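Pasting entry15.cif here (mmCIF, C-alpha atoms):
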data_model
loop_
_atom_site.group_PDB
_atom_site.id
_atom_site.type_symbol
_atom_site.label_atom_id
_atom_site.label_comp_id
_atom_site.auth_asym_id
_atom_site.auth_seq_id
_atom_site.Cartn_x
_atom_site.Cartn_y
_atom_site.Cartn_z
ATOM 1 C CA MET Z 208 0.000 0.000 0.000
ATOM 2 C CA MET Z 209 1.660 3.252 1.063
ATOM 3 C CA ARG Z 210 5.177 3.097 -0.261
ATOM 4 C CA THR Z 211 7.063 6.103 -1.518
ATOM 5 C CA THR Z 212 9.156 4.054 -3.918
ATOM 6 C CA LEU Z 213 6.732 1.406 -5.122
ATOM 7 C CA CYS Z 214 7.494 0.215 -8.621
ATOM 8 C CA LEU Z 215 5.754 -2.391 -10.716
ATOM 9 C CA ALA Z 216 8.093 -5.188 -11.667
ATOM 10 C CA THR Z 217 7.660 -6.790 -15.047
ATOM 11 C CA THR Z 218 5.914 -10.127 -15.049
ATOM 12 C CA VAL Z 219 9.173 -11.979 -15.501
ATOM 13 C CA ALA Z 220 10.940 -10.119 -12.709
ATOM 14 C CA ALA Z 221 7.964 -10.230 -10.377
ATOM 15 C CA LEU Z 222 7.698 -13.986 -10.685
ATOM 16 C CA SER Z 223 11.388 -14.868 -10.864
ATOM 17 C CA LEU Z 224 11.402 -15.985 -7.256
ATOM 18 C CA VAL Z 225 9.228 -18.981 -8.150
ATOM 19 C CA SER Z 226 12.142 -20.827 -9.689
ATOM 20 C CA SER Z 227 14.138 -20.499 -6.466
ATOM 21 C CA LEU Z 228 11.504 -22.281 -4.407
ATOM 22 C CA ASN Z 229 12.206 -25.995 -4.474
ATOM 23 C CA LEU Z 230 8.648 -27.199 -4.863
ATOM 24 C CA THR Z 231 9.146 -30.784 -5.924
ATOM 25 C CA ASN Z 232 11.706 -31.894 -3.358
ATOM 26 C CA THR Z 233 10.123 -30.274 -0.317
ATOM 27 C CA ALA Z 234 6.637 -31.338 -1.310
ATOM 28 C CA ARG Z 235 7.569 -34.975 -1.687
ATOM 29 C CA ALA Z 236 9.724 -34.977 1.456
ATOM 30 C CA ASN Z 237 6.940 -33.659 3.659
ATOM 31 C CA ASP Z 238 3.880 -35.124 1.923
ATOM 32 C CA PHE Z 239 2.265 -31.713 1.940
ATOM 33 C CA PRO Z 240 -0.557 -31.103 1.333
ATOM 34 C CA THR Z 241 -2.358 -34.117 2.766
ATOM 35 C CA GLN Z 242 -5.859 -32.620 2.496
ATOM 36 C CA ASP Z 243 -7.736 -29.698 0.989
ATOM 37 C CA ILE Z 244 -6.525 -26.244 2.007
ATOM 38 C CA ARG Z 245 -8.919 -23.797 3.650
ATOM 39 C CA LEU Z 246 -8.397 -20.191 2.559
ATOM 40 C CA VAL Z 247 -10.102 -17.756 4.921
ATOM 41 C CA ILE Z 248 -11.094 -14.466 3.282
ATOM 42 C CA PRO Z 249 -12.122 -11.960 6.000
ATOM 43 C CA TYR Z 250 -14.688 -10.244 3.773
ATOM 44 C CA GLY Z 251 -18.049 -11.131 2.275
ATOM 45 C CA PRO Z 252 -18.410 -12.716 -1.162
ATOM 46 C CA GLY Z 253 -18.367 -10.728 -4.384
ATOM 47 C CA GLY Z 254 -15.881 -7.968 -3.639
ATOM 48 C CA ALA Z 255 -12.557 -7.492 -5.394
ATOM 49 C CA THR Z 256 -10.589 -9.137 -2.573
ATOM 50 C CA ASP Z 257 -12.829 -12.193 -2.582
ATOM 51 C CA ILE Z 258 -12.842 -12.606 -6.357
ATOM 52 C CA ILE Z 259 -9.101 -12.060 -6.849
ATOM 53 C CA PHE Z 260 -8.159 -14.644 -4.200
ATOM 54 C CA ARG Z 261 -10.618 -17.143 -5.664
ATOM 55 C CA LEU Z 262 -9.284 -16.702 -9.201
ATOM 56 C CA ILE Z 263 -5.640 -17.143 -8.224
ATOM 57 C CA SER Z 264 -6.377 -20.029 -5.862
ATOM 58 C CA GLN Z 265 -8.242 -21.931 -8.568
ATOM 59 C CA GLU Z 266 -5.069 -21.848 -10.621
ATOM 60 C CA ALA Z 267 -2.725 -22.560 -7.682
ATOM 61 C CA GLU Z 268 -4.589 -25.703 -6.659
ATOM 62 C CA ARG Z 269 -3.602 -27.320 -9.956
ATOM 63 C CA ASP Z 270 0.004 -27.317 -8.777
ATOM 64 C CA LEU Z 271 -0.789 -28.457 -5.253
ATOM 65 C CA GLY Z 272 -2.968 -31.376 -6.277
ATOM 66 C CA VAL Z 273 -5.715 -30.557 -3.739
ATOM 67 C CA SER Z 274 -8.575 -28.084 -3.630
ATOM 68 C CA ILE Z 275 -8.128 -24.636 -2.093
ATOM 69 C CA VAL Z 276 -11.515 -23.960 -0.509
ATOM 70 C CA PRO Z 277 -12.332 -20.246 -0.002
ATOM 71 C CA VAL Z 278 -14.216 -19.492 3.221
ATOM 72 C CA ASN Z 279 -15.716 -16.015 3.588
ATOM 73 C CA MET Z 280 -15.525 -14.937 7.224
ATOM 74 C CA ALA Z 281 -16.566 -11.297 7.372
ATOM 75 C CA GLY Z 282 -17.033 -9.380 10.586
ATOM 76 C CA ALA Z 283 -15.355 -7.321 13.297
ATOM 77 C CA GLY Z 284 -13.544 -5.141 10.788
ATOM 78 C CA ALA Z 285 -11.996 -8.144 9.010
ATOM 79 C CA THR Z 286 -10.522 -9.384 12.300
ATOM 80 C CA LEU Z 287 -12.924 -12.310 12.724
ATOM 81 C CA GLY Z 288 -11.228 -14.117 9.855
ATOM 82 C CA SER Z 289 -7.699 -13.129 10.791
ATOM 83 C CA ARG Z 290 -8.191 -14.337 14.378
ATOM 84 C CA ASN Z 291 -9.491 -17.650 13.097
ATOM 85 C CA VAL Z 292 -6.363 -18.245 11.041
ATOM 86 C CA LYS Z 293 -4.018 -16.887 13.710
ATOM 87 C CA ASP Z 294 -5.350 -19.487 16.152
ATOM 88 C CA SER Z 295 -5.424 -22.376 13.667
ATOM 89 C CA ARG Z 296 -3.081 -25.346 13.543
ATOM 90 C CA PRO Z 297 0.183 -24.331 11.808
ATOM 91 C CA ASP Z 298 0.275 -27.136 9.254
ATOM 92 C CA GLY Z 299 -0.371 -25.170 6.062
ATOM 93 C CA HIS Z 300 -3.933 -26.388 5.601
ATOM 94 C CA THR Z 301 -5.479 -23.127 6.863
ATOM 95 C CA LEU Z 302 -4.446 -19.863 5.215
ATOM 96 C CA LEU Z 303 -5.496 -16.222 5.321
ATOM 97 C CA GLY Z 304 -6.053 -14.190 2.163
ATOM 98 C CA SER Z 305 -5.990 -10.550 3.209
ATOM 99 C CA HIS Z 306 -4.275 -7.199 2.747
ATOM 100 C CA ASP Z 307 -3.185 -4.050 4.573
ATOM 101 C CA THR Z 308 -6.154 -4.328 6.913
ATOM 102 C CA ILE Z 309 -4.089 -6.659 9.110
ATOM 103 C CA ALA Z 310 -1.839 -3.754 10.116
ATOM 104 C CA LEU Z 311 -4.642 -1.189 9.972
ATOM 105 C CA SER Z 312 -6.681 -3.081 12.562
ATOM 106 C CA LYS Z 313 -3.833 -2.983 15.056
ATOM 107 C CA LEU Z 314 -3.112 0.697 14.440
ATOM 108 C CA ALA Z 315 -6.799 1.454 14.978
ATOM 109 C CA GLY Z 316 -6.731 -0.379 18.319
ATOM 110 C CA MET Z 317 -9.105 -3.118 17.199
ATOM 111 C CA VAL Z 318 -6.646 -5.952 17.844
ATOM 112 C CA ASP Z 319 -3.242 -6.388 19.461
ATOM 113 C CA TYR Z 320 -1.537 -8.158 16.552
ATOM 114 C CA SER Z 321 -0.271 -7.318 13.075
ATOM 115 C CA TYR Z 322 1.683 -9.070 10.322
ATOM 116 C CA ASP Z 323 4.106 -10.515 12.851
ATOM 117 C CA ALA Z 324 1.355 -12.767 14.255
ATOM 118 C CA PHE Z 325 1.488 -14.776 11.009
ATOM 119 C CA GLU Z 326 3.937 -16.415 8.659
ATOM 120 C CA PRO Z 327 3.738 -14.232 5.524
ATOM 121 C CA ILE Z 328 3.776 -16.413 2.399
ATOM 122 C CA ALA Z 329 3.529 -14.167 -0.647
ATOM 123 C CA LEU Z 330 2.327 -10.854 -2.000
ATOM 124 C CA LEU Z 331 0.133 -11.517 -5.039
ATOM 125 C CA THR Z 332 -1.486 -8.336 -6.347
ATOM 126 C CA GLN Z 333 -1.863 -4.640 -5.755
ATOM 127 C CA THR Z 334 -4.974 -2.596 -6.561
ATOM 128 C CA ILE Z 335 -4.127 1.012 -7.303
ATOM 129 C CA ASN Z 336 -6.175 3.667 -5.517
ATOM 130 C CA ILE Z 337 -7.641 6.756 -7.147
ATOM 131 C CA PRO Z 338 -8.900 10.004 -5.543
ATOM 132 C CA THR Z 339 -12.261 10.748 -7.128
ATOM 133 C CA ALA Z 340 -14.842 13.535 -7.456
ATOM 134 C CA HIS Z 341 -18.350 13.610 -8.904
ATOM 135 C CA ALA Z 342 -18.592 14.830 -12.484
ATOM 136 C CA ASN Z 343 -20.040 18.231 -11.551
ATOM 137 C CA HIS Z 344 -17.274 19.144 -9.126
ATOM 138 C CA GLU Z 345 -15.087 22.120 -9.978
ATOM 139 C CA VAL Z 346 -11.885 20.289 -9.006
ATOM 140 C CA GLN Z 347 -10.415 18.695 -12.112
ATOM 141 C CA SER Z 348 -7.318 16.993 -10.707
ATOM 142 C CA ALA Z 349 -5.798 15.992 -7.380
ATOM 143 C CA ASP Z 350 -3.326 18.873 -7.290
ATOM 144 C CA GLN Z 351 -6.270 21.301 -7.047
ATOM 145 C CA ILE Z 352 -7.732 19.751 -3.886
ATOM 146 C CA ALA Z 353 -5.493 21.632 -1.427
ATOM 147 C CA ASP Z 354 -6.419 25.031 -2.878
ATOM 148 C CA TYR Z 355 -10.094 24.071 -2.853
ATOM 149 C CA VAL Z 356 -9.871 23.192 0.840
ATOM 150 C CA ARG Z 357 -8.079 26.468 1.623
ATOM 151 C CA GLU Z 358 -10.858 28.363 -0.166
ATOM 152 C CA ASN Z 359 -13.557 26.409 1.704
ATOM 153 C CA PRO Z 360 -12.128 25.599 5.155
ATOM 154 C CA GLY Z 361 -14.233 23.216 7.204
ATOM 155 C CA GLN Z 362 -16.701 22.671 4.360
ATOM 156 C CA VAL Z 363 -15.037 20.098 2.104
ATOM 157 C CA ARG Z 364 -16.302 16.543 2.640
ATOM 158 C CA PHE Z 365 -14.114 13.473 2.146
ATOM 159 C CA SER Z 366 -15.683 10.036 2.511
ATOM 160 C CA MET Z 367 -13.985 7.099 4.173
ATOM 161 C CA ILE Z 368 -14.626 3.827 5.960
ATOM 162 C CA PRO Z 369 -13.254 4.395 9.484
ATOM 163 C CA SER Z 370 -9.871 2.705 10.070
ATOM 164 C CA SER Z 371 -9.864 1.276 6.565
ATOM 165 C CA THR Z 372 -7.601 1.766 3.552
ATOM 166 C CA ASP Z 373 -9.206 4.994 2.396
ATOM 167 C CA HIS Z 374 -9.030 6.520 5.884
ATOM 168 C CA PHE Z 375 -5.252 6.073 5.754
ATOM 169 C CA PHE Z 376 -5.154 7.197 2.122
ATOM 170 C CA TRP Z 377 -6.618 10.588 2.984
ATOM 171 C CA ALA Z 378 -4.392 10.968 6.047
ATOM 172 C CA GLN Z 379 -1.315 10.468 3.880
ATOM 173 C CA PHE Z 380 -2.701 12.619 1.065
ATOM 174 C CA PHE Z 381 -3.407 15.535 3.426
ATOM 175 C CA GLN Z 382 0.097 15.262 4.817
ATOM 176 C CA GLU Z 383 1.666 15.236 1.333
ATOM 177 C CA VAL Z 384 -0.263 18.272 0.030
ATOM 178 C CA GLY Z 385 -0.252 20.315 3.249
ATOM 179 C CA ILE Z 386 -3.910 20.081 4.240
ATOM 180 C CA ASP Z 387 -4.681 20.466 7.948
ATOM 181 C CA MET Z 388 -7.050 17.723 9.137
ATOM 182 C CA ALA Z 389 -8.938 20.404 11.096
ATOM 183 C CA ASP Z 390 -9.888 22.102 7.820
ATOM 184 C CA VAL Z 391 -11.729 19.144 6.293
ATOM 185 C CA ARG Z 392 -14.772 17.056 7.107
ATOM 186 C CA LEU Z 393 -14.204 13.280 7.081
ATOM 187 C CA VAL Z 394 -17.535 11.534 6.613
ATOM 188 C CA GLY Z 395 -17.651 7.889 7.634
ATOM 189 C CA TYR Z 396 -19.567 5.210 5.732
ATOM 190 C CA PRO Z 397 -19.960 1.495 6.488
ATOM 191 C CA ASP Z 398 -18.862 0.281 3.066
ATOM 192 C CA THR Z 399 -17.825 1.276 -0.445
ATOM 193 C CA GLY Z 400 -21.318 0.938 -1.836
ATOM 194 C CA GLU Z 401 -22.569 3.639 0.525
ATOM 195 C CA GLN Z 402 -19.718 5.897 -0.560
ATOM 196 C CA VAL Z 403 -20.589 5.374 -4.216
ATOM 197 C CA SER Z 404 -24.187 6.387 -3.514
ATOM 198 C CA ALA Z 405 -23.089 9.425 -1.512
ATOM 199 C CA LEU Z 406 -20.744 10.702 -4.220
ATOM 200 C CA MET Z 407 -23.368 10.078 -6.879
ATOM 201 C CA ALA Z 408 -25.826 12.153 -4.856
ATOM 202 C CA GLU Z 409 -23.119 14.843 -4.409
ATOM 203 C CA GLU Z 410 -23.413 14.569 -0.634
ATOM 204 C CA ILE Z 411 -19.616 14.474 -0.480
ATOM 205 C CA ASP Z 412 -16.886 16.126 -2.498
ATOM 206 C CA PHE Z 413 -14.265 13.397 -2.731
ATOM 207 C CA ALA Z 414 -13.849 9.661 -2.233
ATOM 208 C CA MET Z 415 -11.059 7.159 -2.780
ATOM 209 C CA PHE Z 416 -12.001 4.453 -5.246
ATOM 210 C CA ASN Z 417 -10.158 2.061 -7.539
ATOM 211 C CA LEU Z 418 -11.058 0.419 -10.823
ATOM 212 C CA PRO Z 419 -13.088 -2.426 -9.240
ATOM 213 C CA SER Z 420 -15.265 0.043 -7.338
ATOM 214 C CA GLY Z 421 -15.209 3.068 -9.628
ATOM 215 C CA GLY Z 422 -14.214 1.919 -13.108
ATOM 216 C CA ALA Z 423 -17.732 1.745 -14.541
ATOM 217 C CA PHE Z 424 -18.482 5.236 -13.213
ATOM 218 C CA PHE Z 425 -15.254 6.628 -14.675
ATOM 219 C CA GLU Z 426 -16.200 5.105 -18.007
ATOM 220 C CA ASP Z 427 -19.743 6.547 -18.132
ATOM 221 C CA GLY Z 428 -18.654 9.946 -16.813
ATOM 222 C CA THR Z 429 -20.536 9.829 -13.501
ATOM 223 C CA PHE Z 430 -17.281 10.183 -11.545
ATOM 224 C CA ARG Z 431 -14.024 11.940 -12.384
ATOM 225 C CA PRO Z 432 -10.698 10.238 -11.519
ATOM 226 C CA LEU Z 433 -8.379 12.958 -10.187
ATOM 227 C CA GLY Z 434 -5.090 11.069 -10.329
ATOM 228 C CA VAL Z 435 -3.576 7.610 -10.049
ATOM 229 C CA ALA Z 436 -1.628 6.713 -6.902
ATOM 230 C CA HIS Z 437 0.952 4.654 -8.778
ATOM 231 C CA PRO Z 438 4.332 5.343 -10.391
ATOM 232 C CA GLU Z 439 2.892 4.617 -13.841
ATOM 233 C CA ARG Z 440 -0.387 5.473 -15.549
ATOM 234 C CA LEU Z 441 -2.922 2.679 -15.730
ATOM 235 C CA ASP Z 442 -3.664 1.181 -19.142
ATOM 236 C CA SER Z 443 -7.394 1.475 -18.416
ATOM 237 C CA LEU Z 444 -7.062 5.218 -17.633
ATOM 238 C CA PRO Z 445 -4.314 6.351 -20.017
ATOM 239 C CA ASP Z 446 -5.323 10.022 -19.864
ATOM 240 C CA VAL Z 447 -5.328 10.239 -16.063
ATOM 241 C CA PRO Z 448 -1.935 11.401 -14.708
ATOM 242 C CA THR Z 449 -0.237 9.807 -11.745
ATOM 243 C CA LEU Z 450 -0.146 11.745 -8.486
ATOM 244 C CA ARG Z 451 3.599 12.062 -8.958
ATOM 245 C CA GLU Z 452 3.040 13.729 -12.335
ATOM 246 C CA LEU Z 453 0.861 16.208 -10.471
ATOM 247 C CA GLY Z 454 3.629 16.948 -7.978
ATOM 248 C CA ILE Z 455 2.244 14.759 -5.180
ATOM 249 C CA GLU Z 456 4.960 12.322 -4.077
ATOM 250 C CA MET Z 457 2.667 9.491 -3.107
ATOM 251 C CA ASP Z 458 1.822 5.951 -4.183
ATOM 252 C CA HIS Z 459 -1.014 4.011 -2.611
ATOM 253 C CA SER Z 460 -2.480 0.592 -3.261
ATOM 254 C CA THR Z 461 -4.284 -2.285 -1.604
ATOM 255 C CA SER Z 462 -1.677 -5.048 -1.385
ATOM 256 C CA ARG Z 463 -3.162 -8.544 -1.230
ATOM 257 C CA GLY Z 464 -1.186 -11.507 0.057
ATOM 258 C CA ILE Z 465 -1.497 -14.863 1.755
ATOM 259 C CA PHE Z 466 -0.509 -15.711 5.316
ATOM 260 C CA ALA Z 467 -0.249 -18.851 7.455
ATOM 261 C CA PRO Z 468 -0.471 -19.356 11.222
ATOM 262 C CA LYS Z 469 2.719 -18.619 13.148
ATOM 263 C CA GLY Z 470 4.937 -21.681 13.346
ATOM 264 C CA THR Z 471 4.023 -23.157 9.966
ATOM 265 C CA PRO Z 472 7.187 -24.928 8.668
ATOM 266 C CA GLN Z 473 9.241 -23.000 6.135
ATOM 267 C CA GLU Z 474 9.197 -25.852 3.629
ATOM 268 C CA VAL Z 475 5.401 -25.762 3.672
ATOM 269 C CA LEU Z 476 5.400 -21.995 3.157
ATOM 270 C CA ASP Z 477 7.733 -22.467 0.190
ATOM 271 C CA ILE Z 478 5.444 -25.056 -1.394
ATOM 272 C CA ILE Z 479 2.425 -22.779 -1.119
ATOM 273 C CA ALA Z 480 4.358 -19.743 -2.377
ATOM 274 C CA ALA Z 481 5.633 -21.674 -5.379
ATOM 275 C CA ALA Z 482 2.117 -22.814 -6.297
ATOM 276 C CA TYR Z 483 0.740 -19.275 -6.163
ATOM 277 C CA GLY Z 484 3.738 -17.923 -8.041
ATOM 278 C CA GLN Z 485 3.209 -20.522 -10.743
ATOM 279 C CA ALA Z 486 -0.467 -19.580 -10.918
ATOM 280 C CA LEU Z 487 0.406 -15.942 -11.559
ATOM 281 C CA GLU Z 488 2.428 -16.910 -14.617
ATOM 282 C CA ASN Z 489 -0.857 -17.716 -16.377
ATOM 283 C CA GLU Z 490 -1.312 -14.943 -18.947
ATOM 284 C CA ASN Z 491 -5.105 -15.220 -19.006
ATOM 285 C CA LEU Z 492 -5.180 -14.836 -15.234
ATOM 286 C CA GLN Z 493 -2.846 -11.841 -15.418
ATOM 287 C CA SER Z 494 -5.109 -10.256 -18.022
ATOM 288 C CA ARG Z 495 -8.221 -10.715 -15.875
ATOM 289 C CA ILE Z 496 -6.515 -9.301 -12.790
ATOM 290 C CA GLU Z 497 -5.347 -6.257 -14.696
ATOM 291 C CA ASN Z 498 -8.303 -5.580 -16.989
ATOM 292 C CA GLU Z 499 -11.271 -6.643 -14.875
ATOM 293 C CA PHE Z 500 -10.006 -5.668 -11.442
ATOM 294 C CA GLY Z 501 -7.706 -2.732 -12.079
ATOM 295 C CA SER Z 502 -4.891 -4.482 -10.263
ATOM 296 C CA VAL Z 503 -1.310 -5.396 -11.045
ATOM 297 C CA VAL Z 504 0.433 -8.704 -10.460
ATOM 298 C CA ARG Z 505 3.312 -8.314 -8.041
ATOM 299 C CA PHE Z 506 4.708 -11.542 -6.624
ATOM 300 C CA LEU Z 507 7.036 -11.350 -3.621
ATOM 301 C CA ALA Z 508 7.875 -14.196 -1.247
ATOM 302 C CA GLY Z 509 10.382 -14.980 1.482
ATOM 303 C CA ASP Z 510 12.596 -12.148 2.702
ATOM 304 C CA ASP Z 511 11.383 -9.835 -0.073
ATOM 305 C CA TYR Z 512 7.820 -10.054 1.216
ATOM 306 C CA LEU Z 513 8.931 -9.609 4.822
ATOM 307 C CA GLU Z 514 10.813 -6.437 3.854
ATOM 308 C CA PHE Z 515 7.772 -5.184 1.950
ATOM 309 C CA LEU Z 516 5.520 -5.706 4.973
ATOM 310 C CA GLU Z 517 7.954 -3.927 7.284
ATOM 311 C CA GLU Z 518 8.015 -0.872 5.026
ATOM 312 C CA ASN Z 519 4.253 -1.066 4.569
ATOM 313 C CA GLU Z 520 3.596 -1.072 8.312
ATOM 314 C CA ALA Z 521 6.062 1.765 8.905
ATOM 315 C CA ALA Z 522 4.262 3.935 6.333
ATOM 316 C CA LEU Z 523 0.878 3.085 7.808
ATOM 317 C CA SER Z 524 2.127 3.919 11.294
ATOM 318 C CA ALA Z 525 3.303 7.331 10.108
ATOM 319 C CA ALA Z 526 -0.099 8.048 8.565
ATOM 320 C CA ALA Z 527 -1.862 6.854 11.716
ATOM 321 C CA GLU Z 528 -0.272 9.700 13.679
ATOM 322 C CA ASN Z 529 -2.656 12.057 11.870
ATOM 323 C CA ILE Z 530 -5.801 10.007 12.558
ATOM 324 C CA ASP Z 531 -8.103 10.346 15.528
ATOM 325 C CA PHE Z 532 -9.576 6.850 15.723
ATOM 326 C CA GLN Z 533 -12.150 7.943 18.305
ATOM 327 C CA ASN Z 534 -14.050 10.044 15.760
#

Once you've parsed the file, please lay out its structure as structure tokens.
Amino acid sequence: MMRTTLCLATTVAALSLVSSLNLTNTARANDFPTQDIRLVIPYGPGGATDIIFRLISQEAERDLGVSIVPVNMAGAGATLGSRNVKDSRPDGHTLLGSHDTIALSKLAGMVDYSYDAFEPIALLTQTINIPTAHANHEVQSADQIADYVRENPGQVRFSMIPSSTDHFFWAQFFQEVGIDMADVRLVGYPDTGEQVSALMAEEIDFAMFNLPSGGAFFEDGTFRPLGVAHPERLDSLPDVPTLRELGIEMDHSTSRGIFAPKGTPQEVLDIIAAAYGQALENENLQSRIENEFGSVVRFLAGDDYLEFLEENEAALSAAAENIDFQN
């Protein structure tokens, strides 16, 4: 998610780690897996997170020789599912498919654990986030938001789901462009659908969406994308500049990965990582992830993923300093 130097590796580079994971030898030596694998997704069915994990897992199970069974376990701010996996037997047959919310929940005081309560297996995809306005708004691009706030102090409404990705997005955005949190109105909504309705009704000025949630509205002109929080422009929005092009030094994405209970053997983690890495080499799958879900394939495992998560949590912690989680 929030990384100041995030760059999209090419497919070959992003997946090169797969060849270094000795799938065949470790798998045969440990007889793993011995049964179907349960993949807990801490959200309800039908959202981008649910669909992306299901698509990749369907391909990964071919390599593992068993079924990967998705289990939606929504509730308690995505912590119901993460707790279930955290407390499961560390044998590789129960996994968590989640994203930055693991760290966000701790920073918001909802739980007392973060990434370090799990064995991180692999980063799979990143969904790029996009500050958005309704079509009738006078702001045309993200670099105009700060001036608009200064001209209308205390009146500009930004939507967010409390303690979620977009809450942290706006905290970092305000910091980068010099907006005082006291000069804006953060309006909380229970889910993305409510935010879509609110922006459509022009009850709010700005929201953070991505292609899964906002793409259709960008296409029909209902919403205006104000910038792309990624080092490169998105193929689906070629005319929308990156935030960096607009002078805002900020990248921001939802980074989805898989995790196992603490204590799961390394050889088992390697087997699972290799299967998911192999799955992401499928060009049709890559195309669906990119074109249907506005996401990019970015495979990291082992120490590379651990380093990524450390930097991710550090950036989130910095943004959290500007958030009052009581309001």

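Separating CA of Ile368 in chain Z from CA of Ala405 in chain Z is a distance of 12.6 Å.
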
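The environment of Ser295 in chain Z within 12 Å, counting only C-alpha atoms and disregarding residues fewer than 3 places along the same chain, consists of Arg245, Leu246, Val247, Gly288, Ser289, Arg290, Asn291, Val292, Asp298, Gly299, His300, Thr301, Leu302, Leu303, Ala324, Phe325, Phe466, Ala467, Pro468, Lys469, Gly470 and Thr471 of chain Z.
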
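Distance annotation: of Z:Asn336, Z:Ala526, Z:Gly421, Z:Leu513, the residue with the minimal separation from His437 in chain Z is Z:Asn336; atom set is all atoms listed in the file.
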
Around (-6.6, 16.6, -11.0) in the file's own coordinates, what residues are found within 8 Å if you use all atoms listed in the file, given back as a PyMOL selection string?
-> chain Z and resi 346-352+432-434+448+453

How far is it from CA of Gly509 in chain Z to CA of His306 in chain Z, in Å with one decimal?
-> 16.6 Å

Write out as number ranges by chain which residues come within 8 Å of range 259-268 of chain Z when counting only C-alpha atoms, dropping same-chain ones fewer than 2 positions away.
-> Z: 255-257, 270-275, 277, 304, 482-487, 492, 496, 500
